[in-house]
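Shown below: input_1.csv, with CSV, C-alpha atoms and all ligand atoms.
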chain,number,residue,atom,x,y,z
A,10,MET,CA,100.5,96.3,89.0
A,11,ILE,CA,99.5,98.7,86.2
A,12,THR,CA,95.8,99.4,86.1
A,13,ILE,CA,93.7,101.5,83.7
A,14,LEU,CA,90.6,103.3,85.0
A,15,GLU,CA,88.1,103.9,82.3
A,16,ASN,CA,85.8,107.0,82.1
A,17,VAL,CA,87.3,109.0,85.0
A,18,LEU,CA,86.2,112.1,83.1
A,19,SER,CA,83.3,112.7,80.7
A,20,GLU,CA,83.5,114.8,77.5
A,21,ASP,CA,81.8,117.7,79.2
A,22,GLU,CA,84.2,117.5,82.2
A,23,LEU,CA,87.2,117.4,79.8
A,24,LYS,CA,85.9,120.5,78.0
A,25,GLN,CA,85.5,122.3,81.4
A,26,ILE,CA,89.0,121.3,82.5
A,27,HIS,CA,90.6,122.6,79.3
A,28,GLN,CA,88.6,125.9,79.7
A,29,THR,CA,90.0,126.2,83.3
A,30,LEU,CA,93.5,125.4,82.0
A,31,SER,CA,93.2,128.3,79.5
A,32,ARG,CA,92.9,130.7,82.5
A,33,GLY,CA,96.4,129.9,83.6
A,34,LYS,CA,99.8,129.6,82.0
A,35,PHE,CA,102.3,126.8,81.3
A,36,HIS,CA,105.9,127.3,82.4
A,37,ALA,CA,109.0,125.1,82.0
A,38,GLY,CA,108.4,122.0,84.2
A,39,ASP,CA,111.8,121.4,85.7
A,40,GLU,CA,110.9,123.3,88.9
A,41,THR,CA,108.6,120.5,90.0
A,42,ALA,CA,111.2,117.7,89.7
A,43,GLY,CA,113.9,116.4,91.9
A,44,TRP,CA,117.5,117.2,91.1
A,45,ALA,CA,118.1,114.2,88.8
A,46,ALA,CA,114.7,114.2,87.1
A,47,LYS,CA,115.1,117.9,86.3
A,48,SER,CA,117.7,117.1,83.7
A,49,VAL,CA,115.2,115.0,81.7
A,50,LYS,CA,112.0,116.9,82.4
A,51,LYS,CA,111.1,118.7,79.2
A,52,ASN,CA,107.4,119.3,79.7
A,53,LEU,CA,105.5,122.4,80.8
A,54,GLN,CA,103.7,122.8,84.1
A,55,TRP,CA,100.4,124.8,84.6
A,56,TYR,CA,100.4,127.7,87.0
A,57,ALA,CA,97.3,129.8,87.8
A,58,ASP,CA,95.7,131.7,90.6
A,59,PRO,CA,96.3,129.5,93.7
A,60,GLU,CA,92.6,129.3,94.4
A,61,LEU,CA,92.0,128.1,90.8
A,62,GLU,CA,94.8,125.6,91.1
A,63,THR,CA,93.4,124.2,94.3
A,64,ASP,CA,89.8,124.1,92.9
A,65,LEU,CA,90.9,122.2,89.7
A,66,SER,CA,93.1,119.8,91.8
A,67,ASN,CA,90.2,119.1,94.1
A,68,THR,CA,87.8,118.5,91.2
A,69,MET,CA,90.2,115.9,89.7
A,70,ALA,CA,90.8,114.2,93.1
A,71,THR,CA,87.0,113.8,93.6
A,72,LYS,CA,86.6,112.3,90.1
A,73,LEU,CA,89.5,109.9,90.7
A,74,VAL,CA,88.6,108.7,94.2
A,75,THR,CA,84.9,108.2,93.4
A,76,HIS,CA,85.8,106.0,90.5
A,77,PRO,CA,84.3,102.5,91.3
A,78,ASP,CA,87.6,100.7,90.8
A,79,PHE,CA,89.8,103.2,92.7
A,80,ALA,CA,89.5,102.0,96.3
A,81,THR,CA,90.3,98.4,95.7
A,82,THR,CA,93.1,99.2,93.3
A,83,THR,CA,94.9,101.6,95.5
A,84,TYR,CA,93.9,101.3,99.2
A,85,ALA,CA,94.7,105.0,99.1
A,86,LYS,CA,95.4,106.9,102.3
A,87,LYS,CA,96.5,110.3,101.0
A,88,ILE,CA,96.5,112.0,97.7
A,89,ALA,CA,99.0,114.7,96.6
A,90,PRO,CA,97.7,117.9,94.8
A,91,PHE,CA,97.5,117.3,91.0
A,92,LEU,CA,100.0,118.8,88.6
A,93,PHE,CA,98.8,119.7,85.1
A,94,SER,CA,101.4,119.2,82.4
A,95,GLU,CA,101.7,119.8,78.7
A,96,SER,CA,104.3,118.3,76.3
A,97,LYS,CA,104.8,119.7,72.8
A,98,ASP,CA,107.6,120.7,70.4
A,99,SER,CA,109.5,117.5,71.1
A,100,GLY,CA,109.1,117.9,74.8
A,101,GLY,CA,108.5,114.9,77.1
A,102,TYR,CA,110.0,113.5,80.2
A,103,GLY,CA,113.0,111.2,80.0
A,104,ASN,CA,113.6,108.1,82.2
A,105,HIS,CA,113.2,108.7,85.9
A,106,VAL,CA,111.8,107.3,89.1
A,107,ASP,CA,109.4,109.6,91.0
A,108,ASP,CA,110.6,111.0,94.4
A,109,ALA,CA,109.7,108.7,97.3
A,110,LEU,CA,108.6,111.6,99.5
A,111,MET,CA,106.6,114.5,98.0
A,112,GLY,CA,105.1,117.8,99.2
A,113,ALA,CA,106.2,120.8,101.2
A,114,ASP,CA,104.0,121.2,104.2
A,115,SER,CA,102.3,117.9,104.2
A,116,ILE,CA,104.6,115.1,103.0
A,117,ILE,CA,103.3,111.9,101.4
A,118,ARG,CA,105.2,108.8,100.6
A,119,SER,CA,104.6,108.1,96.9
A,120,ASP,CA,103.5,104.4,96.6
A,121,ILE,CA,101.3,104.9,93.5
A,122,SER,CA,101.7,107.3,90.6
A,123,CYS,CA,98.7,108.3,88.4
A,124,THR,CA,98.3,110.0,85.1
A,125,ILE,CA,94.9,111.1,83.8
A,126,PHE,CA,95.0,111.7,80.1
A,127,LEU,CA,93.3,115.0,79.0
A,128,SER,CA,94.1,114.9,75.2
A,129,ASP,CA,92.8,112.8,72.5
A,130,PRO,CA,95.7,110.5,71.3
A,131,LYS,CA,94.7,111.5,67.7
A,132,ASP,CA,95.7,115.1,68.5
A,133,TYR,CA,99.4,114.4,69.1
A,134,SER,CA,102.3,112.2,67.9
A,135,GLY,CA,104.6,110.5,70.4
A,136,GLY,CA,104.0,111.2,74.0
A,137,GLU,CA,103.6,107.5,75.1
A,138,LEU,CA,104.0,106.8,78.8
A,139,VAL,CA,106.6,104.0,78.8
A,140,PHE,CA,107.5,101.7,81.8
A,141,SER,CA,110.8,99.9,81.8
A,142,ILE,CA,110.2,96.7,83.7
A,143,GLY,CA,113.4,94.6,83.5
A,144,ALA,CA,114.0,94.0,79.8
A,145,GLN,CA,110.4,94.9,79.0
A,146,ALA,CA,109.1,98.2,77.9
A,147,LEU,CA,105.3,98.8,78.3
A,148,SER,CA,103.9,101.7,76.4
A,149,TYR,CA,100.6,103.5,77.0
A,150,LYS,CA,98.8,106.2,75.1
A,151,LEU,CA,95.3,106.3,76.6
A,152,SER,CA,92.1,108.1,75.5
A,153,ALA,CA,91.2,111.4,77.0
A,154,GLY,CA,89.4,110.8,80.3
A,155,GLN,CA,91.2,107.5,81.1
A,156,ALA,CA,93.7,107.2,84.0
A,157,ILE,CA,96.6,104.9,84.5
A,158,ILE,CA,97.8,103.9,87.9
A,159,TYR,CA,101.2,102.4,88.4
A,160,PRO,CA,103.7,101.6,91.2
A,161,SER,CA,105.9,104.7,91.9
A,162,THR,CA,108.8,102.3,92.2
A,163,THR,CA,108.7,101.9,88.3
A,164,LEU,CA,111.3,103.5,86.0
A,165,HIS,CA,109.3,105.4,83.4
A,166,ARG,CA,109.4,108.1,80.8
A,167,VAL,CA,107.2,110.2,78.4
A,168,GLU,CA,108.3,110.0,74.8
A,169,PRO,CA,108.9,113.3,73.0
A,170,VAL,CA,105.7,114.8,71.5
A,171,THR,CA,106.7,115.6,67.9
A,172,GLU,CA,103.3,117.0,66.8
A,173,GLY,CA,100.4,118.5,68.6
A,174,VAL,CA,100.0,118.8,72.4
A,175,ARG,CA,99.8,116.1,75.1
A,176,SER,CA,97.9,117.4,78.1
A,177,VAL,CA,97.7,115.3,81.4
A,178,ALA,CA,96.9,115.6,85.1
A,179,VAL,CA,99.3,113.7,87.4
A,180,THR,CA,99.2,112.9,91.0
A,181,TRP,CA,100.7,110.5,93.6
A,182,LEU,CA,99.1,108.4,96.3
A,183,GLU,CA,100.2,107.1,99.6
A,184,SER,CA,98.6,103.7,100.2
A,185,TYR,CA,97.6,101.9,103.4
A,186,VAL,CA,99.4,99.0,101.7
A,187,ARG,CA,102.7,100.1,100.4
A,188,ASP,CA,103.7,96.9,98.6
A,189,THR,CA,102.3,96.6,95.1
A,190,GLU,CA,102.2,92.7,95.3
A,191,LYS,CA,100.2,92.9,98.5
A,192,ARG,CA,97.8,95.4,96.9
A,193,GLY,CA,97.4,93.0,94.0
A,194,ILE,CA,96.5,90.1,96.3
A,195,LEU,CA,94.0,92.2,98.2
A,196,GLY,CA,92.5,93.4,94.9
A,197,ASP,CA,92.1,89.9,93.6
A,198,LEU,CA,90.4,88.7,96.8
A,199,ASP,CA,88.1,91.6,96.8
A,200,LEU,CA,87.1,90.9,93.2
A,201,ALA,CA,86.6,87.2,94.0
A,202,ARG,CA,84.3,88.0,96.9
A,203,ARG,CA,82.3,90.4,94.7
A,204,ASN,CA,82.0,87.8,91.9
A,205,ILE,CA,80.8,85.2,94.4
A,206,MET,CA,78.2,87.6,95.7
A,207,THR,CA,77.0,88.3,92.2
A,208,THR,CA,76.9,84.8,90.9
A,209,GLN,CA,76.1,82.7,94.1
A,210,GLY,CA,74.9,85.2,96.7
A,211,LYS,CA,76.2,85.4,100.2
A,212,ASN,CA,77.2,81.9,100.8
A,213,SER,CA,80.0,80.3,102.9
A,214,ALA,CA,82.6,80.8,100.1
A,215,PHE,CA,81.8,84.5,100.2
A,216,ASP,CA,82.3,84.6,104.0
A,217,GLN,CA,85.7,82.7,103.7
A,218,VAL,CA,87.1,84.9,101.0
A,219,SER,CA,85.8,88.0,102.8
A,220,ARG,CA,87.5,86.9,106.0
A,221,SER,CA,90.8,86.3,104.2
A,222,HIS,CA,90.5,89.7,102.5
A,223,ALA,CA,89.7,91.6,105.7
A,224,ASN,CA,92.4,89.8,107.8
A,225,LEU,CA,95.1,90.2,105.3
A,226,LEU,CA,94.3,93.9,105.1
A,227,ARG,CA,94.5,94.0,108.9
A,228,LEU,CA,97.9,92.3,108.8
A,229,TRP,CA,99.3,94.6,106.0
A,230,ALA,CA,97.7,98.0,106.5
A,231,GLU,CA,99.8,100.8,107.9
A,232,THR,CA,97.6,103.4,109.4
A,301,LIG,O1,103.0,112.7,82.0
A,301,LIG,C1,103.0,111.6,82.4
A,301,LIG,O2,102.2,110.7,82.0
A,301,LIG,C2,103.8,111.2,83.6
A,301,LIG,C3,104.6,112.4,84.1
A,301,LIG,C4,105.7,111.9,85.1
A,301,LIG,O3,106.3,110.9,85.0
A,301,LIG,C5,105.9,112.7,86.3
A,301,LIG,O4,105.4,113.9,86.4
A,301,LIG,O5,106.7,112.3,87.2
A,302,FE,FE,107.2,110.4,86.8

What do you get writing this file as structure tokens?
Ligand SMILES: O=C(O)CCC(=O)C(=O)O
Ligand SMILES: [Fe+2]
Amino acid sequence: MITILENVLSEDELKQIHQTLSRGKFHAGDETAGWAAKSVKKNLQWYADPELETDLSNTMATKLVTHPDFATTTYAKKIAPFLFSESKDSGGYGNHVDDALMGADSIIRSDISCTIFLSDPKDYSGGELVFSIGAQALSYKLSAGQAIIYPSTTLHRVEPVTEGVRSVAVTWLESYVRDTEKRGILGDLDLARRNIMTTQGKNSAFDQVSRSHANLLRLWAET
């Protein structure tokens, strides 16, 4: 399931992030890709003082995981450090699938990929994030501060940026529930129980749906 999270970052936070990014440098991005993805990775990757990199990554992670829709969309167990990328001058990232295992010291299994958009879509041409799902192509170019969350199993690409600069923060999540269909079912049940609570209060329907949600999570979660 592809999900959009609104307002992960405010205007002020975006300004601050761009200010921090200006304290580092962008280098060719092919170092941070697997051997096959390297050949199509034509974006730039941000490098800075390691402490600054860690600080910015942690700030982004906090913003993401405290978003009200994050927990029930992802059932996240682990989050990888963020990468900050820029695409410009016809750079982008051709069709690829993200590596299944990521990280050096601490390895995570990538179940979910996430892009947080840091640029206003009016400020660049091209740069759509496109998912190939069977014969379908789904294309997203979100507002600055919005995030998109999608299964890491998906073949995807970033179209070349022909004008301006596309700036994003990307990360990967390991989920307690690795199967996207199962996460979708759990997310629906959780939404249903919350809707019942809001519209009818804590009645027997709420208890039944809550029990199904909790028991399915118990059956499916890998701890
Ligand atoms: O820039 C994006 O939106 C996605 C980048 C990407 O696919 C990746 O880093 O693996
Ligand atoms: Fe990717």

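Between atom O1 of ligand LIG 301 (chain A) and CA of Thr75 (chain A) the interatomic distance comes to 21.9 Å.
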
Determine, counting only C-alpha atoms, every residue of protein, DNA or RNA that lies within 6 Å of (96.8, 100.2, 92.2) in the file coordinates, then give the result as a PyMOL selection string. chain A and resi 82-83+158

Given all atoms listed in the file as the basis, pick out the residue of A:Tyr102, A:Tyr185, A:Trp44, A:Tyr56 nearest to ligand LIG 301 (chain A).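 Once distances to ligand LIG 301 (chain A) are computed over all atoms listed in the file, the minimum belongs to A:Tyr102.
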
Identify which of the residues A:Gly112, A:Pro77, A:Pro59, A:Gly103 lies closest to ligand LIG 301 (chain A), counting only C-alpha atoms and all ligand atoms when measuring atom-to-atom distances.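 Going through A:Gly112, A:Pro77, A:Pro59, A:Gly103 one by one, the smallest distance to ligand LIG 301 (chain A) is for A:Gly103.
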
What residues of the protein or nucleic acid chains come within 6 Å of ligand LIG 301 (chain A) when you use all atoms listed in the file? Reply as a ChimeraX atom specification. /A:107,124,138,166-167,177

Hey, can you check how far CA of Gly43 (chain A) sits from CA of Ala109 (chain A)? 10.3 Å

Which of these, A:Val74, A:Ile194, A:Val139, A:Val106, has the shortest distance to ligand FE 302 (chain A) once you count all atoms listed in the file?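 Smallest distance to ligand FE 302 (chain A) is found for A:Val106.
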
Compare A:Ser152, A:Ser219, A:Thr68, A:Thr180 by their minimum atom-to-atom distance to ligand FE 302 (chain A), counting only C-alpha atoms and all ligand atoms, and give me the closest one.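 Ranked by minimum distance to ligand FE 302 (chain A), first place goes to A:Thr180.
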
Return as number ranges by chain every polymer residue, whether protein, DNA or RNA, with at least one atom no more than 12 Å from an atom of ligand FE 302 (chain A); count only C-alpha atoms and all ligand atoms. A: 38-39, 41-43, 45-47, 49-52, 92, 94, 101-109, 111, 119, 121-124, 138-140, 158-167, 177-181

Write a file of the selected residues as a PDB file, keeping the file's coordinate frame, keeping C-alpha atoms.
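What ended up in out_37.pdb:
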ATOM      1  CA  GLY A  38     108.400 122.000  84.200  1.00  0.00           C
ATOM      2  CA  ASP A  39     111.800 121.400  85.700  1.00  0.00           C
ATOM      3  CA  THR A  41     108.600 120.500  90.000  1.00  0.00           C
ATOM      4  CA  ALA A  42     111.200 117.700  89.700  1.00  0.00           C
ATOM      5  CA  GLY A  43     113.900 116.400  91.900  1.00  0.00           C
ATOM      6  CA  ALA A  45     118.100 114.200  88.800  1.00  0.00           C
ATOM      7  CA  ALA A  46     114.700 114.200  87.100  1.00  0.00           C
ATOM      8  CA  LYS A  47     115.100 117.900  86.300  1.00  0.00           C
ATOM      9  CA  VAL A  49     115.200 115.000  81.700  1.00  0.00           C
ATOM     10  CA  LYS A  50     112.000 116.900  82.400  1.00  0.00           C
ATOM     11  CA  LYS A  51     111.100 118.700  79.200  1.00  0.00           C
ATOM     12  CA  ASN A  52     107.400 119.300  79.700  1.00  0.00           C
ATOM     13  CA  LEU A  92     100.000 118.800  88.600  1.00  0.00           C
ATOM     14  CA  SER A  94     101.400 119.200  82.400  1.00  0.00           C
ATOM     15  CA  GLY A 101     108.500 114.900  77.100  1.00  0.00           C
ATOM     16  CA  TYR A 102     110.000 113.500  80.200  1.00  0.00           C
ATOM     17  CA  GLY A 103     113.000 111.200  80.000  1.00  0.00           C
ATOM     18  CA  ASN A 104     113.600 108.100  82.200  1.00  0.00           C
ATOM     19  CA  HIS A 105     113.200 108.700  85.900  1.00  0.00           C
ATOM     20  CA  VAL A 106     111.800 107.300  89.100  1.00  0.00           C
ATOM     21  CA  ASP A 107     109.400 109.600  91.000  1.00  0.00           C
ATOM     22  CA  ASP A 108     110.600 111.000  94.400  1.00  0.00           C
ATOM     23  CA  ALA A 109     109.700 108.700  97.300  1.00  0.00           C
ATOM     24  CA  MET A 111     106.600 114.500  98.000  1.00  0.00           C
ATOM     25  CA  SER A 119     104.600 108.100  96.900  1.00  0.00           C
ATOM     26  CA  ILE A 121     101.300 104.900  93.500  1.00  0.00           C
ATOM     27  CA  SER A 122     101.700 107.300  90.600  1.00  0.00           C
ATOM     28  CA  CYS A 123      98.700 108.300  88.400  1.00  0.00           C
ATOM     29  CA  THR A 124      98.300 110.000  85.100  1.00  0.00           C
ATOM     30  CA  LEU A 138     104.000 106.800  78.800  1.00  0.00           C
ATOM     31  CA  VAL A 139     106.600 104.000  78.800  1.00  0.00           C
ATOM     32  CA  PHE A 140     107.500 101.700  81.800  1.00  0.00           C
ATOM     33  CA  ILE A 158      97.800 103.900  87.900  1.00  0.00           C
ATOM     34  CA  TYR A 159     101.200 102.400  88.400  1.00  0.00           C
ATOM     35  CA  PRO A 160     103.700 101.600  91.200  1.00  0.00           C
ATOM     36  CA  SER A 161     105.900 104.700  91.900  1.00  0.00           C
ATOM     37  CA  THR A 162     108.800 102.300  92.200  1.00  0.00           C
ATOM     38  CA  THR A 163     108.700 101.900  88.300  1.00  0.00           C
ATOM     39  CA  LEU A 164     111.300 103.500  86.000  1.00  0.00           C
ATOM     40  CA  HIS A 165     109.300 105.400  83.400  1.00  0.00           C
ATOM     41  CA  ARG A 166     109.400 108.100  80.800  1.00  0.00           C
ATOM     42  CA  VAL A 167     107.200 110.200  78.400  1.00  0.00           C
ATOM     43  CA  VAL A 177      97.700 115.300  81.400  1.00  0.00           C
ATOM     44  CA  ALA A 178      96.900 115.600  85.100  1.00  0.00           C
ATOM     45  CA  VAL A 179      99.300 113.700  87.400  1.00  0.00           C
ATOM     46  CA  THR A 180      99.200 112.900  91.000  1.00  0.00           C
ATOM     47  CA  TRP A 181     100.700 110.500  93.600  1.00  0.00           C
TER      48      TRP A 181
END

State, in Å with one decimal place, the distance from CA of Gly154 (chain A) to CA of Met69 (chain A).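 Between these atoms lies a distance of 10.7 Å.
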
Considering all atoms listed in the file, tabulate each residue of region 36-126 of chain A that lies at most 8 Å from region 11-19 of chain A along with its nearest interatomic pair and the corresponding distance in Å to one decimal; arrange the rows by chain and ascending residue number and present them as CSV.
residue,atom,partner,partner_atom,distance
A:Lys72,CA,A:Val17,CA,6.1
A:Leu73,CA,A:Val17,CA,6.2
A:His76,CA,A:Val17,CA,6.4
A:Asp78,CA,A:Leu14,CA,7.0
A:Phe79,CA,A:Leu14,CA,7.7
A:Thr82,CA,A:Thr12,CA,7.7
A:Ile125,CA,A:Val17,CA,8.0

Can you tell me which residues surround Arg227 (chain A) at a distance of at most 12 Å, considering all atoms listed in the file, apart from same-chain residues fewer than 6 positions away, and format the answer as a PyMOL selection string? chain A and resi 185-186+191+195+220-221

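Proximity of A:Leu182, A:Ser128, A:Leu147, A:Gln28 to Ala70 (chain A), computed with only C-alpha atoms, is greatest for A:Leu182.
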
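The smallest atom-to-atom distance between Ile117 (chain A) and any of A:Ala144, A:Ala80, A:Ala89, A:Ala230, using all atoms listed in the file, is found for A:Ala89.
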
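All residues of protein, DNA or RNA that reach within 7 Å of region 168-176 of chain A, judged by all atoms listed in the file and not counting those fewer than 2 positions away in the chain, are A:Ser94, A:Glu95, A:Ser96, A:Lys97, A:Asp98, A:Ser99, A:Gly100, A:Gly101, A:Tyr102, A:Phe126, A:Leu127, A:Ser128, A:Asp132, A:Tyr133, A:Ser134, A:Gly135, A:Gly136, A:Glu137, A:Leu138, A:Arg166.
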
Filled-in N, CA and C atoms of region 68-102 of chain A, supplied as a PDB file, keeping the file's coordinate frame:
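Wrote it out as part_27.pdb, contents follow:
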ATOM      1  N   THR A  68      88.784 119.062  92.143  1.00  0.00           N
ATOM      2  CA  THR A  68      87.800 118.500  91.200  1.00  0.00           C
ATOM      3  C   THR A  68      88.348 117.148  90.682  1.00  0.00           C
ATOM      4  N   MET A  69      89.626 117.165  90.288  1.00  0.00           N
ATOM      5  CA  MET A  69      90.200 115.900  89.700  1.00  0.00           C
ATOM      6  C   MET A  69      90.279 114.845  90.779  1.00  0.00           C
ATOM      7  N   ALA A  70      90.662 115.232  92.020  1.00  0.00           N
ATOM      8  CA  ALA A  70      90.800 114.200  93.100  1.00  0.00           C
ATOM      9  C   ALA A  70      89.420 113.573  93.344  1.00  0.00           C
ATOM     10  N   THR A  71      88.358 114.387  93.332  1.00  0.00           N
ATOM     11  CA  THR A  71      87.000 113.800  93.600  1.00  0.00           C
ATOM     12  C   THR A  71      86.655 112.840  92.484  1.00  0.00           C
ATOM     13  N   LYS A  72      86.935 113.220  91.229  1.00  0.00           N
ATOM     14  CA  LYS A  72      86.600 112.300  90.100  1.00  0.00           C
ATOM     15  C   LYS A  72      87.392 111.011  90.257  1.00  0.00           C
ATOM     16  N   LEU A  73      88.659 111.127  90.632  1.00  0.00           N
ATOM     17  CA  LEU A  73      89.500 109.900  90.700  1.00  0.00           C
ATOM     18  C   LEU A  73      89.050 109.016  91.873  1.00  0.00           C
ATOM     19  N   VAL A  74      88.898 109.594  93.064  1.00  0.00           N
ATOM     20  CA  VAL A  74      88.600 108.700  94.200  1.00  0.00           C
ATOM     21  C   VAL A  74      87.223 108.149  94.235  1.00  0.00           C
ATOM     22  N   THR A  75      86.311 108.759  93.461  1.00  0.00           N
ATOM     23  CA  THR A  75      84.900 108.200  93.400  1.00  0.00           C
ATOM     24  C   THR A  75      84.784 107.205  92.271  1.00  0.00           C
ATOM     25  N   HIS A  76      85.855 106.976  91.502  1.00  0.00           N
ATOM     26  CA  HIS A  76      85.800 106.000  90.500  1.00  0.00           C
ATOM     27  C   HIS A  76      85.542 104.595  91.115  1.00  0.00           C
ATOM     28  N   PRO A  77      84.608 103.774  90.564  1.00  0.00           N
ATOM     29  CA  PRO A  77      84.300 102.500  91.300  1.00  0.00           C
ATOM     30  C   PRO A  77      85.443 101.568  91.481  1.00  0.00           C
ATOM     31  N   ASP A  78      86.488 101.627  90.652  1.00  0.00           N
ATOM     32  CA  ASP A  78      87.600 100.700  90.800  1.00  0.00           C
ATOM     33  C   ASP A  78      88.755 101.282  91.654  1.00  0.00           C
ATOM     34  N   PHE A  79      88.605 102.528  92.078  1.00  0.00           N
ATOM     35  CA  PHE A  79      89.800 103.200  92.700  1.00  0.00           C
ATOM     36  C   PHE A  79      90.155 102.600  94.048  1.00  0.00           C
ATOM     37  N   ALA A  80      89.154 102.409  94.918  1.00  0.00           N
ATOM     38  CA  ALA A  80      89.500 102.000  96.300  1.00  0.00           C
ATOM     39  C   ALA A  80      90.204 100.681  96.346  1.00  0.00           C
ATOM     40  N   THR A  81      89.688  99.684  95.639  1.00  0.00           N
ATOM     41  CA  THR A  81      90.300  98.400  95.700  1.00  0.00           C
ATOM     42  C   THR A  81      91.576  98.237  94.892  1.00  0.00           C
ATOM     43  N   THR A  82      91.818  99.201  94.020  1.00  0.00           N
ATOM     44  CA  THR A  82      93.100  99.200  93.300  1.00  0.00           C
ATOM     45  C   THR A  82      94.183  99.833  94.064  1.00  0.00           C
ATOM     46  N   THR A  83      93.840 100.821  94.882  1.00  0.00           N
ATOM     47  CA  THR A  83      94.900 101.600  95.500  1.00  0.00           C
ATOM     48  C   THR A  83      95.001 101.511  97.020  1.00  0.00           C
ATOM     49  N   TYR A  84      93.900 101.235  97.703  1.00  0.00           N
ATOM     50  CA  TYR A  84      93.900 101.300  99.200  1.00  0.00           C
ATOM     51  C   TYR A  84      94.506 102.652  99.610  1.00  0.00           C
ATOM     52  N   ALA A  85      94.057 103.711  98.957  1.00  0.00           N
ATOM     53  CA  ALA A  85      94.700 105.000  99.100  1.00  0.00           C
ATOM     54  C   ALA A  85      94.406 105.632 100.501  1.00  0.00           C
ATOM     55  N   LYS A  86      95.453 106.241 101.042  1.00  0.00           N
ATOM     56  CA  LYS A  86      95.400 106.900 102.300  1.00  0.00           C
ATOM     57  C   LYS A  86      95.435 108.423 102.141  1.00  0.00           C
ATOM     58  N   LYS A  87      96.363 108.847 101.267  1.00  0.00           N
ATOM     59  CA  LYS A  87      96.500 110.300 101.000  1.00  0.00           C
ATOM     60  C   LYS A  87      96.765 110.486  99.520  1.00  0.00           C
ATOM     61  N   ILE A  88      96.358 111.660  99.067  1.00  0.00           N
ATOM     62  CA  ILE A  88      96.500 112.000  97.700  1.00  0.00           C
ATOM     63  C   ILE A  88      97.249 113.361  97.569  1.00  0.00           C
ATOM     64  N   ALA A  89      98.249 113.454  96.722  1.00  0.00           N
ATOM     65  CA  ALA A  89      99.000 114.700  96.600  1.00  0.00           C
ATOM     66  C   ALA A  89      98.180 115.645  95.635  1.00  0.00           C
ATOM     67  N   PRO A  90      98.405 116.975  95.729  1.00  0.00           N
ATOM     68  CA  PRO A  90      97.700 117.900  94.800  1.00  0.00           C
ATOM     69  C   PRO A  90      98.135 117.494  93.342  1.00  0.00           C
ATOM     70  N   PHE A  91      97.179 117.648  92.429  1.00  0.00           N
ATOM     71  CA  PHE A  91      97.500 117.300  91.000  1.00  0.00           C
ATOM     72  C   PHE A  91      98.397 118.357  90.399  1.00  0.00           C
ATOM     73  N   LEU A  92      99.236 117.889  89.476  1.00  0.00           N
ATOM     74  CA  LEU A  92     100.000 118.800  88.600  1.00  0.00           C
ATOM     75  C   LEU A  92      99.378 118.641  87.210  1.00  0.00           C
ATOM     76  N   PHE A  93      99.308 119.741  86.488  1.00  0.00           N
ATOM     77  CA  PHE A  93      98.800 119.700  85.100  1.00  0.00           C
ATOM     78  C   PHE A  93      99.927 120.011  84.183  1.00  0.00           C
ATOM     79  N   SER A  94     100.193 119.095  83.244  1.00  0.00           N
ATOM     80  CA  SER A  94     101.400 119.200  82.400  1.00  0.00           C
ATOM     81  C   SER A  94     100.984 119.192  80.912  1.00  0.00           C
ATOM     82  N   GLU A  95     101.792 119.878  80.133  1.00  0.00           N
ATOM     83  CA  GLU A  95     101.700 119.800  78.700  1.00  0.00           C
ATOM     84  C   GLU A  95     103.030 119.422  78.106  1.00  0.00           C
ATOM     85  N   SER A  96     103.022 118.611  77.040  1.00  0.00           N
ATOM     86  CA  SER A  96     104.300 118.300  76.300  1.00  0.00           C
ATOM     87  C   SER A  96     103.971 118.631  74.832  1.00  0.00           C
ATOM     88  N   LYS A  97     104.894 119.349  74.217  1.00  0.00           N
ATOM     89  CA  LYS A  97     104.800 119.700  72.800  1.00  0.00           C
ATOM     90  C   LYS A  97     106.189 120.034  72.282  1.00  0.00           C
ATOM     91  N   ASP A  98     106.331 120.320  70.983  1.00  0.00           N
ATOM     92  CA  ASP A  98     107.600 120.700  70.400  1.00  0.00           C
ATOM     93  C   ASP A  98     108.765 119.823  70.805  1.00  0.00           C
ATOM     94  N   SER A  99     108.544 118.522  70.718  1.00  0.00           N
ATOM     95  CA  SER A  99     109.500 117.500  71.100  1.00  0.00           C
ATOM     96  C   SER A  99     109.827 117.414  72.563  1.00  0.00           C
ATOM     97  N   GLY A 100     108.979 118.051  73.366  1.00  0.00           N
ATOM     98  CA  GLY A 100     109.100 117.900  74.800  1.00  0.00           C
ATOM     99  C   GLY A 100     108.553 116.595  75.288  1.00  0.00           C
ATOM    100  N   GLY A 101     108.992 116.164  76.454  1.00  0.00           N
ATOM    101  CA  GLY A 101     108.500 114.900  77.100  1.00  0.00           C
ATOM    102  C   GLY A 101     109.159 114.844  78.435  1.00  0.00           C
ATOM    103  N   TYR A 102     109.420 113.640  78.880  1.00  0.00           N
ATOM    104  CA  TYR A 102     110.000 113.500  80.200  1.00  0.00           C
ATOM    105  C   TYR A 102     110.832 112.198  80.144  1.00  0.00           C
TER     106      TYR A 102
END
